[in-house]
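Enquirer: Structure in structure tokens, see below.
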Amino acid sequence: MANIKDKYPEFITLEDSFNLDEEAIKKNQLAHLNQYRTQLGLDGGLTFNITKAEGCHMWDSDGNKRLDFIGCVGVYVLGHNNPFIIDCVRKYLDRKPMTMDPMSLKAQASSFAHNMALIFPELPRTVVCGGGGAEANETIIKMCKVAAGRTKQGKKRIVSTYNSFHGKTNEAVFTGGKDIWQRWLTPPSDHTYVPYGDWEAAEDEFKKGDVIMWIAEPIQGEGGIVVPPDDYLPKMRELCDKYDVYMILDEVQAGSCRTGYIMAHKYYDGLVPDGFSFAKAISDGVLPVSGVQAKEELYMAAYGSFDSAMNHTATYQDNNIGAVVANASLQYMLENDVPALVREKSKYVWDGLNKLQAKYPHILEEVRGRGFMIGLKFNTDADGVGYANAIGRELAVNHLVHTMTSINADTILRAYPNIWSTEEDFDWFLDALEKSFLAVEG
């Protein structure tokens, strides 16, 4: 076998990559990946060379132990490198499996789908995707469109909510209700937006008789951790039934135990959407995996015949290795009652945050969210500049605590702990937060 270094002396092998110093990584990333995104992180003091991650902690190349309270924006509910999930993947790979093939029988993918149907019996159809939440949302949007095209002639529009976020692929961008991500793209004619939390505005659109589907997040994530009124989603279920509209929930960020429920819509007793998308925490960050769960009626309306069965297929669809990760995550969530664990452990940090808000109301206006999906809404200083970005930078640079502002609302700082977070970690975060208030105010 030839040595790659003989042909390309500067080729970086896996072993080489383990030993790259920070400057070499920066150079490669700026030259060959997303230059300006990388530069934004470097300029903001938020980009570090993380060499190890475990539980809720990360270690940088200088040996600093850091507290991860953002978890790749919701991915690590079960902690970095959860040993149970890593072990399941190793066991699978050790068998030298056939990970994907379009026509083969899929033991792992079908097992995951079977298990999801046990937990969500009203939604027995699963699609396992190969990527992130945007792909899952594209999948379920297309499913609804195909179903309507085959069975609901005359229906053509998608209704979603202002301030929402459903991903950055083309259809997902225009389903999301934030025009900043739609710049420079040609808008379709079939998307309509209504205020989040306003069921009357949605009904006004439904009355026109041409709406295929309504999609929303159970809690808006990128929009600033916006929790709707308690009667909103149940009322939307009623309206979708009344006007024959598919009710779809985007569970990518709020789902998979993040809010203290196996999926966030389970907060509402008896609420069953026609379908929901999932991603992020179901992967535990081990491999990209996302998916869709749908009612039999919706799935069959779209793909329930030989002539329509091939209308949505993909190389990585229903792949076994993604299903192994998702199934291991699901098993861990259920065996360890992660939803209850999130509800119980989150009380401590919520109590501390509410005390800080009462003490510094001129800086911290509101604490909102549910479980381990926490939004801190900040005020602005005397010059009208919001505190959120400055406090996020102060936390990361001077206190080794990682959080993130919201893409759609930069007055919001998001804090996403995970189940490995202890009271000591929460105290670290709360103490750092108060010190950051004082530093930024000063």
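Please note that chains go A, B, ... in the order of the structure tokens, that every chain numbers its residues from 1, and that ligands are numbered from 1 in the order shown.
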Could you list, as a list in words, every residue within 7 Å of region 188-191 of chain A, counting only C-alpha atoms and ignoring same-chain residues fewer than 5 positions away?
Expert: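 The contact residues come out as Lys156, Arg157, Ile158, Val159, Phe174 and Thr175 of chain A.
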Enquirer: Can you spit out the residues from that selection as a PDB file, in the first residue's frame, using N, CA and C atoms?
Expert:
ATOM      1  N   LYS A 156     -53.247  24.255  -0.927  1.00  0.00           N
ATOM      2  CA  LYS A 156     -51.915  24.563  -1.461  1.00  0.00           C
ATOM      3  C   LYS A 156     -51.011  25.309  -0.493  1.00  0.00           C
ATOM      4  N   ARG A 157     -51.553  25.857   0.605  1.00  0.00           N
ATOM      5  CA  ARG A 157     -50.732  26.739   1.439  1.00  0.00           C
ATOM      6  C   ARG A 157     -50.249  26.074   2.714  1.00  0.00           C
ATOM      7  N   ILE A 158     -49.077  26.550   3.176  1.00  0.00           N
ATOM      8  CA  ILE A 158     -48.525  26.198   4.483  1.00  0.00           C
ATOM      9  C   ILE A 158     -48.647  27.423   5.375  1.00  0.00           C
ATOM     10  N   VAL A 159     -49.180  27.231   6.554  1.00  0.00           N
ATOM     11  CA  VAL A 159     -49.247  28.312   7.544  1.00  0.00           C
ATOM     12  C   VAL A 159     -48.259  27.989   8.665  1.00  0.00           C
ATOM     13  N   PHE A 174     -38.232  29.121   4.357  1.00  0.00           N
ATOM     14  CA  PHE A 174     -39.472  29.846   4.088  1.00  0.00           C
ATOM     15  C   PHE A 174     -40.625  29.376   4.959  1.00  0.00           C
ATOM     16  N   THR A 175     -40.474  28.222   5.609  1.00  0.00           N
ATOM     17  CA  THR A 175     -41.453  27.837   6.623  1.00  0.00           C
ATOM     18  C   THR A 175     -41.183  28.599   7.913  1.00  0.00           C
TER      19      THR A 175
END
Enquirer: Quick one: residues within 9 Å of region 213-226 of chain A, only C-alpha atoms counted, chain neighbours fewer than 2 positions away excluded, as number ranges by chain?
Expert: A: 141, 144-145, 156-166, 175-176, 178, 196, 202, 211, 228, 233, 236, 240, 244-255, 264-265, 276, 368-370, 373-377, 405-414
Enquirer: So that I can check the surroundings of Lys295 (chain A), please list as an MDAnalysis selection string every protein, DNA and RNA residue that reaches within 8 Å of it, counting only C-alpha atoms and ignoring chain neighbours fewer than 2 positions away.
Expert: chainID A and resid 122:125 274:275 293 297:299
Enquirer: Take the residues from that selection and put them in a file with C-alpha atoms, as a CSV table (one decimal), in the first residue's frame.
Expert:
chain,number,residue,atom,x,y,z
A,122,GLU,CA,-51.2,7.3,17.4
A,123,LEU,CA,-48.2,8.0,15.1
A,124,PRO,CA,-46.9,4.6,14.0
A,125,ARG,CA,-45.0,5.7,10.9
A,274,ASP,CA,-50.6,14.6,12.8
A,275,GLY,CA,-46.8,14.4,12.7
A,293,GLN,CA,-43.1,10.5,13.2
A,297,GLU,CA,-53.5,8.5,7.6
A,298,LEU,CA,-51.0,11.2,6.7
A,299,TYR,CA,-48.3,8.8,5.8
Enquirer: Residues within 9 Å of Gly131 (chain A), please, as an NGL selection string. Count only C-alpha atoms; anything in the same chain fewer than 2 positions from it doesn't count.
Expert: :A and (129 or 133-136 or 279 or 287-291 or 316)
Enquirer: Which residues are close to Lys155 (chain A), i.e. within 8 Å by only C-alpha atoms, leaving aside same-chain residues fewer than 2 positions away? Reply as a list in words.
Expert: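 Answer for this query is Ala148, Gly149, Lys152, Gln153, Arg157, Gly209, Asp210, Val211 and Ile212 of chain A.
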Enquirer: Given the selection you just returned, output its residues as a file containing N, CA and C atoms, formatted as a short mmCIF file (atom, residue, chain, number, x, y, z; two decimals), in the first residue's frame.
Expert:
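The result, stored in result_39.cif:
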data_model
loop_
_atom_site.label_atom_id
_atom_site.label_comp_id
_atom_site.auth_asym_id
_atom_site.auth_seq_id
_atom_site.Cartn_x
_atom_site.Cartn_y
_atom_site.Cartn_z
N ALA A 148 -51.61 16.07 0.34
CA ALA A 148 -52.65 16.99 -0.11
C ALA A 148 -52.82 16.94 -1.62
N GLY A 149 -51.70 16.82 -2.33
CA GLY A 149 -51.78 16.74 -3.78
C GLY A 149 -52.54 15.52 -4.26
N LYS A 152 -56.32 15.93 -1.29
CA LYS A 152 -57.01 17.15 -0.87
C LYS A 152 -56.85 18.22 -1.95
N GLN A 153 -57.43 17.98 -3.09
CA GLN A 153 -57.29 18.90 -4.20
C GLN A 153 -57.78 20.31 -3.82
N ARG A 157 -51.55 25.86 0.60
CA ARG A 157 -50.73 26.74 1.44
C ARG A 157 -50.25 26.07 2.71
N GLY A 209 -59.88 27.94 3.31
CA GLY A 209 -60.12 26.62 2.74
C GLY A 209 -59.00 26.03 1.92
N ASP A 210 -57.84 26.70 1.85
CA ASP A 210 -56.78 26.20 0.98
C ASP A 210 -55.50 25.83 1.73
N VAL A 211 -55.61 25.66 3.07
CA VAL A 211 -54.42 25.40 3.88
C VAL A 211 -54.20 23.90 4.00
N ILE A 212 -52.97 23.48 3.65
CA ILE A 212 -52.59 22.07 3.77
C ILE A 212 -52.21 21.74 5.20
#
Enquirer: Extract, using only C-alpha atoms, all DNA, RNA and protein residues at most 9 Å from region 55-59 of chain A, discarding same-chain residues fewer than 5 positions from it, and format them as a PyMOL selection string.
Expert: chain A and resi 49-50+64-69+71+76+78-82+417-421+425
Enquirer: Take the residues from that selection and write them out as a short mmCIF file (atom, residue, chain, number, x, y, z; two decimals), in the first residue's frame, keeping N, CA and C atoms.
Expert:
data_model
loop_
_atom_site.label_atom_id
_atom_site.label_comp_id
_atom_site.auth_asym_id
_atom_site.auth_seq_id
_atom_site.Cartn_x
_atom_site.Cartn_y
_atom_site.Cartn_z
N ASN A 49 -10.58 25.62 20.95
CA ASN A 49 -10.21 24.29 20.49
C ASN A 49 -10.54 23.29 21.59
N ILE A 50 -11.68 22.65 21.46
CA ILE A 50 -12.15 21.69 22.47
C ILE A 50 -11.56 20.32 22.13
N ASN A 64 -8.08 23.86 30.16
CA ASN A 64 -9.14 24.46 30.97
C ASN A 64 -10.41 23.59 30.94
N LYS A 65 -10.98 23.36 32.10
CA LYS A 65 -12.26 22.67 32.19
C LYS A 65 -13.38 23.70 32.02
N ARG A 66 -14.28 23.44 31.08
CA ARG A 66 -15.33 24.38 30.75
C ARG A 66 -16.70 23.76 31.01
N LEU A 67 -17.66 24.61 31.34
CA LEU A 67 -19.03 24.17 31.60
C LEU A 67 -19.86 24.39 30.35
N ASP A 68 -20.39 23.33 29.79
CA ASP A 68 -21.18 23.44 28.58
C ASP A 68 -22.66 23.55 28.93
N PHE A 69 -23.17 24.76 28.86
CA PHE A 69 -24.59 25.01 29.12
C PHE A 69 -25.30 25.48 27.85
N GLY A 71 -24.74 22.96 24.82
CA GLY A 71 -24.85 21.62 24.26
C GLY A 71 -25.18 21.59 22.79
N TYR A 76 -27.06 17.86 23.44
CA TYR A 76 -26.51 16.97 24.48
C TYR A 76 -27.36 16.90 25.75
N LEU A 78 -28.40 14.21 26.97
CA LEU A 78 -27.89 13.01 27.65
C LEU A 78 -26.41 13.10 27.96
N GLY A 79 -25.82 14.26 27.72
CA GLY A 79 -24.42 14.47 28.05
C GLY A 79 -23.48 14.12 26.91
N HIS A 80 -22.32 14.74 26.92
CA HIS A 80 -21.30 14.43 25.93
C HIS A 80 -20.81 12.99 26.10
N ASN A 81 -20.74 12.29 24.97
CA ASN A 81 -20.18 10.94 24.95
C ASN A 81 -20.80 10.03 26.02
N ASN A 82 -22.11 10.04 26.03
CA ASN A 82 -22.84 9.16 26.95
C ASN A 82 -22.34 7.72 26.77
N PRO A 417 -28.61 23.21 30.07
CA PRO A 417 -27.87 22.19 30.83
C PRO A 417 -28.21 20.79 30.33
N ASN A 418 -27.53 19.79 30.87
CA ASN A 418 -27.93 18.41 30.56
C ASN A 418 -28.00 17.60 31.85
N ILE A 419 -28.37 16.34 31.73
CA ILE A 419 -28.69 15.55 32.93
C ILE A 419 -27.47 15.24 33.79
N TRP A 420 -26.27 15.47 33.28
CA TRP A 420 -25.08 15.27 34.10
C TRP A 420 -24.74 16.50 34.93
N SER A 421 -25.45 17.60 34.71
CA SER A 421 -25.20 18.82 35.48
C SER A 421 -25.58 18.58 36.94
N ASP A 425 -22.36 22.36 39.45
CA ASP A 425 -22.31 22.98 38.12
C ASP A 425 -23.29 24.15 38.03
#
Enquirer: List the spatial neighbours of Ser104 (chain A) as a JSON list (two decimals) with N, CA and C atoms, in the first residue's frame - criterion: any atom at most 12 Å away, only C-alpha atoms, same-chain residues fewer than 6 positions off excluded.
Expert:
[["chain", "number", "residue", "atom", "x", "y", "z"],
["A", 97, "PRO", "N", -21.51, -4.56, 10.05],
["A", 97, "PRO", "CA", -22.88, -4.59, 9.53],
["A", 97, "PRO", "C", -23.00, -3.97, 8.14],
["A", 98, "MET", "N", -24.16, -4.20, 7.52],
["A", 98, "MET", "CA", -24.58, -3.45, 6.34],
["A", 98, "MET", "C", -25.38, -2.26, 6.84],
["A", 110, "SER", "N", -35.93, -0.60, 11.52],
["A", 110, "SER", "CA", -37.31, -1.04, 11.79],
["A", 110, "SER", "C", -37.55, -1.23, 13.28],
["A", 318, "ASP", "N", -33.56, 5.96, 6.56],
["A", 318, "ASP", "CA", -33.78, 4.72, 7.31],
["A", 318, "ASP", "C", -32.50, 3.90, 7.46],
["A", 319, "ASN", "N", -31.36, 4.61, 7.55],
["A", 319, "ASN", "CA", -30.09, 3.89, 7.69],
["A", 319, "ASN", "C", -29.96, 3.30, 9.09],
["A", 320, "ASN", "N", -29.31, 2.16, 9.16],
["A", 320, "ASN", "CA", -29.24, 1.41, 10.42],
["A", 320, "ASN", "C", -28.39, 2.09, 11.48]]
Enquirer: Given only C-alpha atoms as the basis, pick out the residue of A:Asp269, A:Glu10, A:Glu296, A:Asp427 nearest to Met143 (chain A).
Expert: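 Using only C-alpha atoms, the shortest distance to Met143 (chain A) belongs to A:Glu296.
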Enquirer: Would you please extract all strand (DSSP E or B) residues from region 148-294 of chain A, as assigned by DSSP on the backbone, and give them as an MDAnalysis selection string?
Expert: chainID A and resid 157:162 177 191:194 211:216 220 226 246:250 275:278 290:294
Enquirer: Could you go through region 284-412 of chain A and tell me which residues DSSP, when run on the backbone, assigns to helix (DSSP H, G or I), listing them as a PyMOL selection string?
Expert: chain A and resi 296-303+320-335+338-359+388-399
Enquirer: Expressed in Å to a single decimal, how great is the separation between CA of Ala309 (chain A) and CA of Ser111 (chain A)?
Expert: 20.4 Å
Enquirer: Report, in Å with one decimal, the straight-line distance from CA of Arg393 (chain A) to CA of Gly285 (chain A).
Expert: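 Going from CA of Arg393 (chain A) over to CA of Gly285 (chain A) covers 23.9 Å.
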Enquirer: Between CA of Arg183 (chain A) and CA of Ile391 (chain A), what is the distance, to one decimal in Å?
Expert: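 Going from CA of Arg183 (chain A) over to CA of Ile391 (chain A) covers 28.9 Å.
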Enquirer: With only C-alpha atoms as the atoms that count, which of A:Ala314, A:Gly45, A:Val194, A:Glu441 lies nearest to Thr139 (chain A)?
Expert: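 For Thr139 (chain A), the nearest of the candidates is A:Ala314.
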Enquirer: Restricting the calculation to only C-alpha atoms, which member of A:Ala294, A:Trp199, A:Thr315, A:Glu434 is positioned closest to Pro102 (chain A)?
Expert: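 The shortest atom-to-atom distance to Pro102 (chain A) comes from A:Thr315.
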